[in-house]
Amino acid sequence: MLNDDVLHYIHQSVLCWLATVDADGAPNVSPKEIFAAYDDRTVLIANIASPTSVRNIRTNPTVCLSFIDVFIQKGYKLKGLAEFVPAIDVRFKQLQAPLLEMTKGILPIHGIIAIQVQSIESIFAPSYRLIEDTTEATQISNALSAYGVKKI
């Protein structure tokens with residue numbers, strides 16, 4: 001399910017956004033910076049400071065995870081069921097391995113949000129559809145300009 005293109009965007013994305021819903025149906029979207037594919041159906045997110053996301057997942061495990069390459073302005077939306085794996089769980093040590101590679105031990109991982117992906121949908125900036133001749137190169141150029149990034 002997590003094919004090479006999805007994996008590419010996971011690796012290229014600096015942040016992802018996790019959408020959860022609380023017991024009253026109120027949505028919550030929270031940025032996450034430490035996340036990785038675990039296998040072809042599972043994405044792991046380090047719980048560094050996510051009490052609302054964890055509380056919501058314990059009430060309603062249905063989640064949506066989005067990530068994009070901010071320069072190309074393309075990415076994916078994954079929907080699935082999440083489980084919170086606390087640090088005391090016997091699976092924690094094995095699951096945290098790819099996340100520890102990213103943090104180098106600098107950020108504390110209090111638990112892991114493990115998402116079993118059920119569906120995948122590509123997402124992209126509307127200009128790809130609405131502005132004729134939009135290419136990845138033009139999107140990159142526009143994003144570099146918008147973010148004030150200068151080539152060295």
# chains A, B, ... in the order shown; residues from 1 in each chain; ligands from 1

$ closest_atom_pairs --of "range 83-118 of chain A" --to "range 60-64 of chain A" --cutoff "9 Å" --atoms "only C-alpha atoms" --output "CSV"
residue,atom,partner,partner_atom,distance
A:Glu83,CA,A:Pro61,CA,6.5
A:Phe84,CA,A:Pro61,CA,9.0
A:Ile115,CA,A:Val63,CA,8.0

$ residues_around --residues "Arg58 in chain A" --least-positions-apart "4" --cutoff "12 Å" --atoms "only C-alpha atoms" --output "number ranges by chain"
A: 20-23, 51-54, 62-63, 81-86, 113

$ write_last_selection --atoms "all heavy atoms" --output "short mmCIF file (atom, residue, chain, number, x, y, z; two decimals), in the first residue's frame"
data_model
loop_
_atom_site.label_atom_id
_atom_site.label_comp_id
_atom_site.auth_asym_id
_atom_site.auth_seq_id
_atom_site.Cartn_x
_atom_site.Cartn_y
_atom_site.Cartn_z
N THR A 20 -7.30 14.32 14.07
CA THR A 20 -8.03 13.43 14.95
C THR A 20 -9.35 14.09 15.30
O THR A 20 -9.58 15.26 14.99
CB THR A 20 -7.23 13.15 16.25
OG1 THR A 20 -7.01 14.38 16.94
CG2 THR A 20 -5.91 12.45 15.95
N VAL A 21 -10.21 13.34 15.97
CA VAL A 21 -11.51 13.86 16.39
C VAL A 21 -11.73 13.48 17.85
O VAL A 21 -11.48 12.34 18.24
CB VAL A 21 -12.65 13.26 15.51
CG1 VAL A 21 -14.00 13.76 15.97
CG2 VAL A 21 -12.42 13.58 14.05
N ASP A 22 -12.23 14.42 18.64
CA ASP A 22 -12.46 14.11 20.05
C ASP A 22 -13.82 13.45 20.25
O ASP A 22 -14.57 13.21 19.28
CB ASP A 22 -12.28 15.35 20.93
CG ASP A 22 -13.38 16.39 20.79
OD1 ASP A 22 -14.45 16.11 20.22
OD2 ASP A 22 -13.16 17.52 21.28
N ALA A 23 -14.14 13.14 21.50
CA ALA A 23 -15.37 12.43 21.83
C ALA A 23 -16.63 13.19 21.42
O ALA A 23 -17.67 12.60 21.17
CB ALA A 23 -15.41 12.12 23.33
N PRO A 51 -0.56 15.52 23.70
CA PRO A 51 -1.61 14.98 24.58
C PRO A 51 -3.00 14.98 23.95
O PRO A 51 -3.78 14.05 24.18
CB PRO A 51 -1.55 15.89 25.81
CG PRO A 51 -0.93 17.16 25.33
CD PRO A 51 0.03 16.75 24.24
N THR A 52 -3.31 15.98 23.15
CA THR A 52 -4.64 16.02 22.53
C THR A 52 -4.79 14.92 21.49
O THR A 52 -5.82 14.23 21.45
CB THR A 52 -4.91 17.41 21.91
OG1 THR A 52 -4.77 18.40 22.94
CG2 THR A 52 -6.30 17.49 21.30
N SER A 53 -3.78 14.74 20.65
CA SER A 53 -3.84 13.68 19.63
C SER A 53 -4.00 12.32 20.29
O SER A 53 -4.84 11.50 19.88
CB SER A 53 -2.58 13.69 18.76
OG SER A 53 -2.49 14.88 18.02
N VAL A 54 -3.22 12.06 21.33
CA VAL A 54 -3.28 10.77 22.02
C VAL A 54 -4.64 10.56 22.66
O VAL A 54 -5.25 9.49 22.53
CB VAL A 54 -2.13 10.64 23.05
CG1 VAL A 54 -2.33 9.43 23.95
CG2 VAL A 54 -0.79 10.59 22.35
N THR A 62 -9.93 6.66 14.36
CA THR A 62 -9.93 7.06 12.95
C THR A 62 -9.15 8.36 12.79
O THR A 62 -9.44 9.35 13.46
CB THR A 62 -11.36 7.23 12.43
OG1 THR A 62 -12.07 6.01 12.63
CG2 THR A 62 -11.38 7.58 10.96
N VAL A 63 -8.15 8.34 11.90
CA VAL A 63 -7.28 9.51 11.71
C VAL A 63 -7.04 9.77 10.23
O VAL A 63 -7.31 8.92 9.38
CB VAL A 63 -5.92 9.34 12.42
CG1 VAL A 63 -6.10 9.18 13.92
CG2 VAL A 63 -5.13 8.18 11.83
N LEU A 81 -6.56 3.73 10.86
CA LEU A 81 -6.84 3.57 12.28
C LEU A 81 -5.53 3.68 13.06
O LEU A 81 -4.54 3.03 12.70
CB LEU A 81 -7.50 2.22 12.56
CG LEU A 81 -8.88 2.02 11.92
CD1 LEU A 81 -9.38 0.61 12.19
CD2 LEU A 81 -9.87 3.06 12.46
N ALA A 82 -5.55 4.50 14.09
CA ALA A 82 -4.35 4.73 14.89
C ALA A 82 -4.47 4.03 16.24
O ALA A 82 -5.55 3.85 16.79
CB ALA A 82 -4.13 6.22 15.10
N GLU A 83 -3.31 3.66 16.73
CA GLU A 83 -3.20 3.08 18.07
C GLU A 83 -2.06 3.81 18.77
O GLU A 83 -1.01 4.05 18.17
CB GLU A 83 -2.88 1.59 17.97
CG GLU A 83 -2.57 0.94 19.29
CD GLU A 83 -2.02 -0.47 19.17
OE1 GLU A 83 -1.65 -0.89 18.07
OE2 GLU A 83 -1.93 -1.12 20.22
N PHE A 84 -2.27 4.14 20.02
CA PHE A 84 -1.18 4.73 20.80
C PHE A 84 -0.45 3.61 21.51
O PHE A 84 -1.04 2.80 22.22
CB PHE A 84 -1.70 5.75 21.82
CG PHE A 84 -0.59 6.33 22.64
CD1 PHE A 84 0.37 7.14 22.05
CD2 PHE A 84 -0.48 6.04 23.99
CE1 PHE A 84 1.42 7.66 22.80
CE2 PHE A 84 0.56 6.56 24.74
CZ PHE A 84 1.51 7.37 24.14
N VAL A 85 0.86 3.56 21.30
CA VAL A 85 1.72 2.55 21.93
C VAL A 85 2.58 3.28 22.96
O VAL A 85 3.52 4.00 22.60
CB VAL A 85 2.61 1.84 20.88
CG1 VAL A 85 3.50 0.81 21.55
CG2 VAL A 85 1.75 1.23 19.77
N PRO A 86 2.26 3.13 24.26
CA PRO A 86 3.04 3.82 25.29
C PRO A 86 4.42 3.21 25.46
O PRO A 86 4.67 2.07 25.05
CB PRO A 86 2.19 3.64 26.56
CG PRO A 86 1.40 2.40 26.31
CD PRO A 86 1.17 2.33 24.82
N ILE A 113 2.47 6.79 18.01
CA ILE A 113 1.17 6.68 17.33
C ILE A 113 1.42 5.82 16.09
O ILE A 113 2.19 6.22 15.22
CB ILE A 113 0.62 8.07 16.96
CG1 ILE A 113 0.36 8.89 18.23
CG2 ILE A 113 -0.66 7.92 16.11
CD1 ILE A 113 0.10 10.36 17.97
#

$ select_by_dssp --residues "range 39-74 of chain A" --states "helix (DSSP H, G or I)" --output "list of chain:residue names"
A:Pro51, A:Thr52, A:Ser53, A:Val54, A:Arg55, A:Asn56, A:Ile57, A:Arg58, A:Thr59

$ write_last_selection --atoms "N, CA, C and O atoms" --output "JSON list (two decimals), in the first residue's frame"
[["chain", "number", "residue", "atom", "x", "y", "z"],
["A", 51, "PRO", "N", -0.56, 15.52, 23.70],
["A", 51, "PRO", "CA", -1.61, 14.98, 24.58],
["A", 51, "PRO", "C", -3.00, 14.98, 23.95],
["A", 51, "PRO", "O", -3.78, 14.05, 24.18],
["A", 52, "THR", "N", -3.31, 15.98, 23.15],
["A", 52, "THR", "CA", -4.64, 16.02, 22.53],
["A", 52, "THR", "C", -4.79, 14.92, 21.49],
["A", 52, "THR", "O", -5.82, 14.23, 21.45],
["A", 53, "SER", "N", -3.78, 14.74, 20.65],
["A", 53, "SER", "CA", -3.84, 13.68, 19.63],
["A", 53, "SER", "C", -4.00, 12.32, 20.29],
["A", 53, "SER", "O", -4.84, 11.50, 19.88],
["A", 54, "VAL", "N", -3.22, 12.06, 21.33],
["A", 54, "VAL", "CA", -3.28, 10.77, 22.02],
["A", 54, "VAL", "C", -4.64, 10.56, 22.66],
["A", 54, "VAL", "O", -5.25, 9.49, 22.53],
["A", 55, "ARG", "N", -5.14, 11.58, 23.34],
["A", 55, "ARG", "CA", -6.46, 11.48, 23.98],
["A", 55, "ARG", "C", -7.54, 11.20, 22.94],
["A", 55, "ARG", "O", -8.40, 10.34, 23.12],
["A", 56, "ASN", "N", -7.49, 11.90, 21.81],
["A", 56, "ASN", "CA", -8.49, 11.70, 20.76],
["A", 56, "ASN", "C", -8.41, 10.30, 20.17],
["A", 56, "ASN", "O", -9.43, 9.67, 19.90],
["A", 57, "ILE", "N", -7.20, 9.80, 19.94],
["A", 57, "ILE", "CA", -7.03, 8.46, 19.36],
["A", 57, "ILE", "C", -7.58, 7.39, 20.30],
["A", 57, "ILE", "O", -8.17, 6.41, 19.86],
["A", 58, "ARG", "N", -7.42, 7.59, 21.59],
["A", 58, "ARG", "CA", -7.95, 6.63, 22.56],
["A", 58, "ARG", "C", -9.48, 6.61, 22.52],
["A", 58, "ARG", "O", -10.11, 5.59, 22.80],
["A", 59, "THR", "N", -10.10, 7.73, 22.15],
["A", 59, "THR", "CA", -11.55, 7.83, 22.05],
["A", 59, "THR", "C", -12.05, 7.39, 20.68],
["A", 59, "THR", "O", -13.06, 6.69, 20.57]]

$ residues_around --residues "Ile123 in chain A" --least-positions-apart "6" --cutoff "8 Å" --atoms "only C-alpha atoms" --output "list in words"
Ile68, Lys74, Gly75, Tyr76 and Lys77 of chain A

$ closest_residue --among "A:Cys16, A:Ile120, A:Thr42, A:Glu101" --to "Ser30 in chain A" --atoms "only C-alpha atoms"
A:Cys16
